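Q: mmCIF, C-alpha atoms, saved as target19.cif, coming up:
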data_target
loop_
_atom_site.group_PDB
_atom_site.id
_atom_site.type_symbol
_atom_site.label_atom_id
_atom_site.label_comp_id
_atom_site.auth_asym_id
_atom_site.auth_seq_id
_atom_site.Cartn_x
_atom_site.Cartn_y
_atom_site.Cartn_z
ATOM 1 C CA MET P 1 0.000 0.000 0.000
ATOM 2 C CA ALA P 2 1.356 3.406 -0.997
ATOM 3 C CA THR P 3 1.755 6.267 1.463
ATOM 4 C CA ASP P 4 -0.415 8.382 -0.883
ATOM 5 C CA VAL P 5 -3.407 6.126 -0.260
ATOM 6 C CA ILE P 6 -3.006 6.458 3.531
ATOM 7 C CA ARG P 7 -2.537 10.190 3.171
ATOM 8 C CA GLY P 8 -5.709 10.396 1.037
ATOM 9 C CA LEU P 9 -7.775 8.583 3.674
ATOM 10 C CA LEU P 10 -6.436 10.860 6.421
ATOM 11 C CA GLU P 11 -7.069 13.999 4.345
ATOM 12 C CA ARG P 12 -10.658 12.934 3.869
ATOM 13 C CA SER P 13 -11.177 12.577 7.640
ATOM 14 C CA PHE P 14 -9.050 15.572 8.632
ATOM 15 C CA PRO P 15 -9.552 18.191 5.901
ATOM 16 C CA ASP P 16 -7.809 20.830 8.037
ATOM 17 C CA GLY P 17 -5.008 18.469 8.982
ATOM 18 C CA THR P 18 -1.268 18.737 8.641
ATOM 19 C CA ILE P 19 -0.507 15.167 7.690
ATOM 20 C CA ASN P 20 2.709 13.247 7.395
ATOM 21 C CA VAL P 21 2.936 9.587 6.388
ATOM 22 C CA VAL P 22 6.161 7.589 6.419
ATOM 23 C CA ASP P 23 6.644 4.049 5.158
ATOM 24 C CA ARG P 24 8.969 2.966 7.962
ATOM 25 C CA THR P 25 10.313 -0.175 6.385
ATOM 26 C CA GLY P 26 9.919 0.520 2.672
ATOM 27 C CA THR P 27 7.643 -2.515 2.431
ATOM 28 C CA GLY P 28 4.311 -0.678 2.204
ATOM 29 C CA ASP P 29 2.856 -2.138 5.403
ATOM 30 C CA HIS P 30 4.595 -0.447 8.363
ATOM 31 C CA PHE P 31 3.585 3.189 8.632
ATOM 32 C CA GLN P 32 4.199 6.147 10.888
ATOM 33 C CA VAL P 33 1.456 8.768 10.567
ATOM 34 C CA SER P 34 1.420 12.195 12.183
ATOM 35 C CA VAL P 35 -1.712 14.316 12.143
ATOM 36 C CA THR P 36 -2.230 17.799 13.531
ATOM 37 C CA SER P 37 -5.867 18.838 13.375
ATOM 38 C CA GLY P 38 -8.496 20.903 15.145
ATOM 39 C CA SER P 39 -10.573 17.702 15.337
ATOM 40 C CA PHE P 40 -8.347 16.613 18.222
ATOM 41 C CA ASN P 41 -8.892 19.681 20.365
ATOM 42 C CA GLY P 42 -10.220 18.753 23.781
ATOM 43 C CA LEU P 43 -9.974 15.005 23.188
ATOM 44 C CA SER P 44 -7.923 12.518 25.215
ATOM 45 C CA LEU P 45 -5.037 10.776 23.444
ATOM 46 C CA VAL P 46 -7.091 7.577 23.273
ATOM 47 C CA GLU P 47 -9.943 9.431 21.568
ATOM 48 C CA GLN P 48 -7.511 11.170 19.202
ATOM 49 C CA HIS P 49 -5.967 7.862 18.160
ATOM 50 C CA ARG P 50 -9.433 6.342 17.762
ATOM 51 C CA LEU P 51 -10.230 8.988 15.140
ATOM 52 C CA VAL P 52 -7.067 8.092 13.219
ATOM 53 C CA ASN P 53 -7.775 4.370 13.526
ATOM 54 C CA ARG P 54 -11.293 4.981 12.221
ATOM 55 C CA ALA P 55 -9.996 6.941 9.243
ATOM 56 C CA LEU P 56 -7.764 3.971 8.429
ATOM 57 C CA ALA P 57 -10.253 1.264 9.416
ATOM 58 C CA GLU P 58 -10.316 -0.353 5.996
ATOM 59 C CA PRO P 59 -6.577 -0.932 5.487
ATOM 60 C CA LEU P 60 -6.253 -1.848 9.185
ATOM 61 C CA GLY P 61 -9.106 -4.326 8.890
ATOM 62 C CA ASN P 62 -7.979 -6.061 5.722
ATOM 63 C CA GLY P 63 -4.398 -6.430 6.891
ATOM 64 C CA SER P 64 -2.784 -4.122 4.335
ATOM 65 C CA ILE P 65 -1.452 -2.087 7.252
ATOM 66 C CA HIS P 66 0.538 -4.507 9.357
ATOM 67 C CA GLU P 67 1.863 -1.945 11.818
ATOM 68 C CA LEU P 68 0.759 1.613 12.466
ATOM 69 C CA ARG P 69 2.450 4.218 14.627
ATOM 70 C CA ILE P 70 0.394 7.296 15.377
ATOM 71 C CA THR P 71 1.266 10.764 16.600
ATOM 72 C CA THR P 72 -1.563 13.265 17.001
ATOM 73 C CA LYS P 73 -1.736 16.886 18.015
ATOM 74 C CA GLY P 74 -4.567 19.388 18.352
ATOM 75 C CA THR P 75 -4.370 22.967 17.187
ATOM 76 C CA ALA P 76 -5.592 24.643 20.366
ATOM 77 C CA MET W 1 -17.383 -17.696 31.405
ATOM 78 C CA THR W 2 -17.378 -16.826 27.739
ATOM 79 C CA LEU W 3 -14.144 -15.638 26.175
ATOM 80 C CA ARG W 4 -15.429 -12.066 26.215
ATOM 81 C CA GLU W 5 -16.248 -12.329 29.920
ATOM 82 C CA GLN W 6 -12.799 -13.758 30.624
ATOM 83 C CA ILE W 7 -11.116 -10.877 28.796
ATOM 84 C CA LYS W 8 -13.312 -8.360 30.622
ATOM 85 C CA HIS W 9 -12.465 -10.035 33.907
ATOM 86 C CA VAL W 10 -8.732 -9.611 33.260
ATOM 87 C CA ILE W 11 -9.212 -5.955 32.285
ATOM 88 C CA ASP W 12 -11.339 -5.233 35.337
ATOM 89 C CA THR W 13 -9.367 -7.116 37.974
ATOM 90 C CA GLU W 14 -5.694 -6.722 37.003
ATOM 91 C CA PRO W 15 -4.216 -3.326 37.975
ATOM 92 C CA VAL W 16 -2.292 -3.121 34.687
ATOM 93 C CA ALA W 17 -3.434 -5.480 31.933
ATOM 94 C CA VAL W 18 -1.476 -5.635 28.695
ATOM 95 C CA PHE W 19 -2.566 -7.553 25.611
ATOM 96 C CA ILE W 20 0.372 -8.315 23.349
ATOM 97 C CA LYS W 21 1.515 -10.534 20.522
ATOM 98 C CA GLY W 22 3.843 -13.079 22.104
ATOM 99 C CA THR W 23 5.071 -13.382 25.673
ATOM 100 C CA PRO W 24 6.977 -10.956 27.917
ATOM 101 C CA GLN W 25 10.081 -13.134 27.384
ATOM 102 C CA MET W 26 9.565 -13.218 23.642
ATOM 103 C CA PRO W 27 7.371 -10.447 22.268
ATOM 104 C CA ALA W 28 6.504 -11.235 18.653
ATOM 105 C CA CYS W 29 6.045 -7.652 17.582
ATOM 106 C CA GLY W 30 7.999 -4.427 17.979
ATOM 107 C CA ASN W 31 5.039 -2.461 19.286
ATOM 108 C CA SER W 32 4.267 -5.035 21.968
ATOM 109 C CA LEU W 33 7.892 -4.763 23.077
ATOM 110 C CA ARG W 34 7.726 -0.946 23.108
ATOM 111 C CA ALA W 35 4.647 -0.950 25.331
ATOM 112 C CA LEU W 36 6.179 -3.484 27.739
ATOM 113 C CA GLN W 37 9.423 -1.518 27.937
ATOM 114 C CA ALA W 38 7.654 1.755 28.721
ATOM 115 C CA LEU W 39 5.602 0.027 31.439
ATOM 116 C CA HIS W 40 8.725 -1.623 32.829
ATOM 117 C CA LYS W 41 10.565 1.690 32.982
ATOM 118 C CA ALA W 42 7.597 3.179 34.806
ATOM 119 C CA GLY W 43 7.803 0.336 37.333
ATOM 120 C CA ALA W 44 4.375 -1.056 36.507
ATOM 121 C CA PRO W 45 3.283 -4.508 37.629
ATOM 122 C CA VAL W 46 1.986 -6.013 34.412
ATOM 123 C CA SER W 47 -0.442 -8.822 33.748
ATOM 124 C CA VAL W 48 0.183 -9.930 30.193
ATOM 125 C CA VAL W 49 -2.195 -11.735 27.864
ATOM 126 C CA ASN W 50 -0.814 -13.214 24.653
ATOM 127 C CA VAL W 51 -3.404 -12.756 21.897
ATOM 128 C CA LEU W 52 -1.664 -15.039 19.400
ATOM 129 C CA PRO W 53 -2.882 -18.496 20.495
ATOM 130 C CA ASP W 54 -6.476 -17.765 19.410
ATOM 131 C CA PRO W 55 -7.563 -15.118 16.833
ATOM 132 C CA GLN W 56 -10.855 -14.859 18.734
ATOM 133 C CA ILE W 57 -9.059 -13.184 21.647
ATOM 134 C CA ARG W 58 -8.071 -10.249 19.488
ATOM 135 C CA GLN W 59 -11.526 -10.001 17.945
ATOM 136 C CA GLU W 60 -13.321 -9.986 21.272
ATOM 137 C CA LEU W 61 -10.794 -7.604 22.821
ATOM 138 C CA SER W 62 -11.176 -5.042 20.018
ATOM 139 C CA ALA W 63 -14.951 -5.302 20.280
ATOM 140 C CA ILE W 64 -14.731 -4.504 23.999
ATOM 141 C CA SER W 65 -12.171 -1.719 23.713
ATOM 142 C CA ASP W 66 -13.080 -0.114 20.370
ATOM 143 C CA TRP W 67 -9.365 -0.247 19.546
ATOM 144 C CA PRO W 68 -8.263 -2.169 16.470
ATOM 145 C CA THR W 69 -4.575 -2.775 17.059
ATOM 146 C CA ILE W 70 -2.312 -4.694 19.444
ATOM 147 C CA PRO W 71 -0.851 -3.962 21.981
ATOM 148 C CA GLN W 72 -3.516 -2.573 24.292
ATOM 149 C CA VAL W 73 -2.732 -1.317 27.772
ATOM 150 C CA PHE W 74 -5.377 -1.008 30.486
ATOM 151 C CA VAL W 75 -4.832 0.618 33.866
ATOM 152 C CA LYS W 76 -7.536 -0.059 36.451
ATOM 153 C CA GLY W 77 -9.939 -1.177 33.752
ATOM 154 C CA GLU W 78 -9.407 1.835 31.526
ATOM 155 C CA LEU W 79 -7.753 1.696 28.111
ATOM 156 C CA ILE W 80 -4.806 4.070 28.180
ATOM 157 C CA GLY W 81 -3.745 3.255 24.629
ATOM 158 C CA GLY W 82 -1.381 1.256 22.465
ATOM 159 C CA ALA W 83 2.406 1.468 22.248
ATOM 160 C CA ASP W 84 2.541 5.066 21.002
ATOM 161 C CA ILE W 85 0.389 6.555 23.768
ATOM 162 C CA THR W 86 2.041 4.403 26.448
ATOM 163 C CA GLU W 87 5.444 5.724 25.341
ATOM 164 C CA GLU W 88 4.100 9.260 25.166
ATOM 165 C CA LEU W 89 2.612 9.019 28.665
ATOM 166 C CA PHE W 90 5.871 7.593 29.985
ATOM 167 C CA ALA W 91 7.918 10.374 28.372
ATOM 168 C CA SER W 92 5.676 13.087 29.820
ATOM 169 C CA GLY W 93 5.774 11.515 33.305
ATOM 170 C CA GLU W 94 2.023 11.021 33.291
ATOM 171 C CA LEU W 95 2.232 7.232 33.287
ATOM 172 C CA MET W 96 4.356 7.300 36.434
ATOM 173 C CA ARG W 97 1.962 9.754 38.102
ATOM 174 C CA LYS W 98 -1.014 7.583 37.244
ATOM 175 C CA LEU W 99 0.663 4.454 38.610
ATOM 176 C CA ASP W 100 1.825 6.244 41.782
ATOM 177 C CA GLU W 101 -1.693 7.464 42.363
ATOM 178 C CA ILE W 102 -3.343 4.101 41.838
ATOM 179 C CA LEU W 103 -0.753 1.663 43.177
ATOM 180 C CA GLY W 104 1.521 3.766 45.368
ATOM 181 C CA SER W 105 5.176 4.513 44.747
ATOM 182 C CA ASP W 106 6.546 1.335 46.393
ATOM 183 C CA ARG W 107 4.660 -0.941 44.014
ATOM 184 C CA ASP W 108 6.300 -4.124 42.813
ATOM 185 C CA SER W 109 7.006 -4.305 39.105
ATOM 186 C CA SER W 110 6.273 -7.961 38.585
ATOM 187 C CA VAL W 111 5.405 -9.495 35.255
ATOM 188 C CA LYS W 112 2.815 -12.230 35.121
ATOM 189 C CA LEU W 113 1.368 -14.089 32.197
ATOM 190 C CA VAL W 114 -2.405 -14.518 32.286
ATOM 191 C CA ALA W 115 -4.237 -17.012 30.109
ATOM 192 C CA VAL W 116 -7.765 -16.472 28.805
#
Give the structure from this file in C-alpha cells form.
A:
Amino acid sequence: MATDVIRGLLERSFPDGTINVVDRTGTGDHFQVSVTSGSFNGLSLVEQHRLVNRALAEPLGNGSIHELRITTKGTA
Amino acid sequence: MTLREQIKHVIDTEPVAVFIKGTPQMPACGNSLRALQALHKAGAPVSVVNVLPDPQIRQELSAISDWPTIPQVFVKGELIGGADITEELFASGELMRKLDEILGSDRDSSVKLVAV
C-alpha cells in the first residue's frame, strides 16, 4: 500500500489536517502517521488515536497495514 | 465464562493489563515490546495476555475496547492506549503519576502471564 493512499484517507477525515505519512520499512505495510488537526482539540489521546484508527479502518481491517504508529496533536 | 467475559475479567481485575503478541520473554512484535518496555521503565506490575494463540481473543478484545490494534494497555480497567500513547505518557511523566496514584510509589514491578 502506498503512502499516498493512507494520506488520502487521512485527508478525507481531517480536511484541516497537517498530515505526514512515512513508510517505515519501505515494504508498504509499516507506517508512521502524524496528524495535527483541530478535530483533536479537547480530546484525550485515546480518543484522538481512535479517530485516526477509524480513518484507516479499511486498510487496518484487511491487513494491508501490518503496523501503524500514530502521533496526534490538536491545534488549540 | 465466555471468552469475552474472561477478557473483561482480566481488564477489570488486574491493575495493569497488557494484551500483546507473544510473551513478555519473547514479544513477537515491535510495538508489543515498546509498550512493555515503557511500562517496565515506569515500574508497573503487568499482567500480560498473549493474543496469538487464538484469533478470537483479538476479535473480542477489540470489540470490547473499540481499539483495532495490538498492543492494548489497560490501567484499572481503563484503556490508556497502544504502544505510542504508552510511550508518550511515559515520556511526559504522566504514566508514572497515574501508577503512583493508583498503586503507590513502592509498588512491585512484577510481570505475570495470564491465560484467557
Q: I want to know what sits within 12 Å of W:Arg4, based on all atoms listed in the file, with residues of the same chain fewer than 2 positions away left out; could you give that as a ChimeraX atom specification?
A: /W:1-2,6-11,56-65,116
Q: Okay, now the selection with C-alpha atoms, as an mmCIF file, in the frame of the given file?
A:
data_model
loop_
_atom_site.group_PDB
_atom_site.id
_atom_site.type_symbol
_atom_site.label_atom_id
_atom_site.label_comp_id
_atom_site.auth_asym_id
_atom_site.auth_seq_id
_atom_site.Cartn_x
_atom_site.Cartn_y
_atom_site.Cartn_z
ATOM 1 C CA MET W 1 -17.383 -17.696 31.405
ATOM 2 C CA THR W 2 -17.378 -16.826 27.739
ATOM 3 C CA GLN W 6 -12.799 -13.758 30.624
ATOM 4 C CA ILE W 7 -11.116 -10.877 28.796
ATOM 5 C CA LYS W 8 -13.312 -8.360 30.622
ATOM 6 C CA HIS W 9 -12.465 -10.035 33.907
ATOM 7 C CA VAL W 10 -8.732 -9.611 33.260
ATOM 8 C CA ILE W 11 -9.212 -5.955 32.285
ATOM 9 C CA GLN W 56 -10.855 -14.859 18.734
ATOM 10 C CA ILE W 57 -9.059 -13.184 21.647
ATOM 11 C CA ARG W 58 -8.071 -10.249 19.488
ATOM 12 C CA GLN W 59 -11.526 -10.001 17.945
ATOM 13 C CA GLU W 60 -13.321 -9.986 21.272
ATOM 14 C CA LEU W 61 -10.794 -7.604 22.821
ATOM 15 C CA SER W 62 -11.176 -5.042 20.018
ATOM 16 C CA ALA W 63 -14.951 -5.302 20.280
ATOM 17 C CA ILE W 64 -14.731 -4.504 23.999
ATOM 18 C CA SER W 65 -12.171 -1.719 23.713
ATOM 19 C CA VAL W 116 -7.765 -16.472 28.805
#
Q: Need the shell around stretch 9-23 of chain P: protein/DNA/RNA residues with any atom at most 7 Å away, counting all atoms listed in the file. Skip same-chain ones fewer than 6 positions apart. Format as a list in words?
A: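 Answer for this query is Thr3, His30, Phe31, Gln32, Val33, Ser34, Val35, Thr36, Ser37, Ala55 and Leu56 of chain P.
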Q: Would you give me, as a list in words, the residues of chain W that come within 12 Å of chain P, using all atoms listed in the file?
A: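 Contact residues on the first chain: Cys29, Gly30, Asn31, Ser32, Arg34, Gln59, Ser62, Ser65, Asp66, Trp67, Pro68, Thr69, Ile70, Pro71, Gln72, Val73, Phe74, Glu78, Leu79, Ile80, Gly81, Gly82, Ala83, Asp84, Ile85, Thr86, Glu87, Glu88 and Leu89 of chain W.
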Q: What would the file look like if the residues just selected were written as a PDB file, keeping the file's coordinate frame with C-alpha atoms?
A:
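Result file part_18.pdb:
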ATOM      1  CA  CYS W  29       6.045  -7.652  17.582  1.00  0.00           C
ATOM      2  CA  GLY W  30       7.999  -4.427  17.979  1.00  0.00           C
ATOM      3  CA  ASN W  31       5.039  -2.461  19.286  1.00  0.00           C
ATOM      4  CA  SER W  32       4.267  -5.035  21.968  1.00  0.00           C
ATOM      5  CA  ARG W  34       7.726  -0.946  23.108  1.00  0.00           C
ATOM      6  CA  GLN W  59     -11.526 -10.001  17.945  1.00  0.00           C
ATOM      7  CA  SER W  62     -11.176  -5.042  20.018  1.00  0.00           C
ATOM      8  CA  SER W  65     -12.171  -1.719  23.713  1.00  0.00           C
ATOM      9  CA  ASP W  66     -13.080  -0.114  20.370  1.00  0.00           C
ATOM     10  CA  TRP W  67      -9.365  -0.247  19.546  1.00  0.00           C
ATOM     11  CA  PRO W  68      -8.263  -2.169  16.470  1.00  0.00           C
ATOM     12  CA  THR W  69      -4.575  -2.775  17.059  1.00  0.00           C
ATOM     13  CA  ILE W  70      -2.312  -4.694  19.444  1.00  0.00           C
ATOM     14  CA  PRO W  71      -0.851  -3.962  21.981  1.00  0.00           C
ATOM     15  CA  GLN W  72      -3.516  -2.573  24.292  1.00  0.00           C
ATOM     16  CA  VAL W  73      -2.732  -1.317  27.772  1.00  0.00           C
ATOM     17  CA  PHE W  74      -5.377  -1.008  30.486  1.00  0.00           C
ATOM     18  CA  GLU W  78      -9.407   1.835  31.526  1.00  0.00           C
ATOM     19  CA  LEU W  79      -7.753   1.696  28.111  1.00  0.00           C
ATOM     20  CA  ILE W  80      -4.806   4.070  28.180  1.00  0.00           C
ATOM     21  CA  GLY W  81      -3.745   3.255  24.629  1.00  0.00           C
ATOM     22  CA  GLY W  82      -1.381   1.256  22.465  1.00  0.00           C
ATOM     23  CA  ALA W  83       2.406   1.468  22.248  1.00  0.00           C
ATOM     24  CA  ASP W  84       2.541   5.066  21.002  1.00  0.00           C
ATOM     25  CA  ILE W  85       0.389   6.555  23.768  1.00  0.00           C
ATOM     26  CA  THR W  86       2.041   4.403  26.448  1.00  0.00           C
ATOM     27  CA  GLU W  87       5.444   5.724  25.341  1.00  0.00           C
ATOM     28  CA  GLU W  88       4.100   9.260  25.166  1.00  0.00           C
ATOM     29  CA  LEU W  89       2.612   9.019  28.665  1.00  0.00           C
TER      30      LEU W  89
END
Q: To one decimal in Å, tell me the separation between atom CA of W:Glu5 and atom CA of W:Gly22.
A: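 Interatomic distance here is 21.6 Å.
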Q: If you measure from atom CA of W:Pro15 to atom CA of P:Gly42, what distance in Å do you get, rounded to one decimal?
A: 26.9 Å
Q: Can you measure atom CA of W:Ala28 to atom CA of W:Asn50 for me? One decimal in Å is fine.
A: 9.7 Å
Q: To test your reading of the syntax: which residues would the PyMOL selection byres ((chain W and resi 39) around 10) return for the file shown? Reply as a ChimeraX atom specification.
A: /W:16,18,33-38,40-46,73,83,86-87,89-90,95-96,99,109
Q: Could you write those residues out with C-alpha atoms, as a tab-separated table (two decimals), keeping the file's coordinate frame?
A:
chain	number	residue	atom	x	y	z
W	16	VAL	CA	-2.29	-3.12	34.69
W	18	VAL	CA	-1.48	-5.64	28.70
W	33	LEU	CA	7.89	-4.76	23.08
W	34	ARG	CA	7.73	-0.95	23.11
W	35	ALA	CA	4.65	-0.95	25.33
W	36	LEU	CA	6.18	-3.48	27.74
W	37	GLN	CA	9.42	-1.52	27.94
W	38	ALA	CA	7.65	1.76	28.72
W	40	HIS	CA	8.72	-1.62	32.83
W	41	LYS	CA	10.56	1.69	32.98
W	42	ALA	CA	7.60	3.18	34.81
W	43	GLY	CA	7.80	0.34	37.33
W	44	ALA	CA	4.38	-1.06	36.51
W	45	PRO	CA	3.28	-4.51	37.63
W	46	VAL	CA	1.99	-6.01	34.41
W	73	VAL	CA	-2.73	-1.32	27.77
W	83	ALA	CA	2.41	1.47	22.25
W	86	THR	CA	2.04	4.40	26.45
W	87	GLU	CA	5.44	5.72	25.34
W	89	LEU	CA	2.61	9.02	28.66
W	90	PHE	CA	5.87	7.59	29.98
W	95	LEU	CA	2.23	7.23	33.29
W	96	MET	CA	4.36	7.30	36.43
W	99	LEU	CA	0.66	4.45	38.61
W	109	SER	CA	7.01	-4.30	39.10
Q: Here is a test: counting all atoms listed in the file, which residue of P:Pro59, P:Ala76, P:Gly8, P:Thr25 is nearest to P:Asn41?
A: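 So, comparing all the options, the nearest one is P:Ala76.
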Q: Using only C-alpha atoms, which of the listed residues (P:Ile65, P:Met1, P:Ile6, P:Val52) sits closest to P:Ser39?
A: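 Going through P:Ile65, P:Met1, P:Ile6, P:Val52 one by one, the smallest distance to P:Ser39 is for P:Val52.
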Q: If you count all atoms listed in the file, which residues fall within 6 Å of P:Ala2, apart from same-chain ones fewer than 2 positions away, as a ChimeraX atom specification?
A: /P:4-5,28
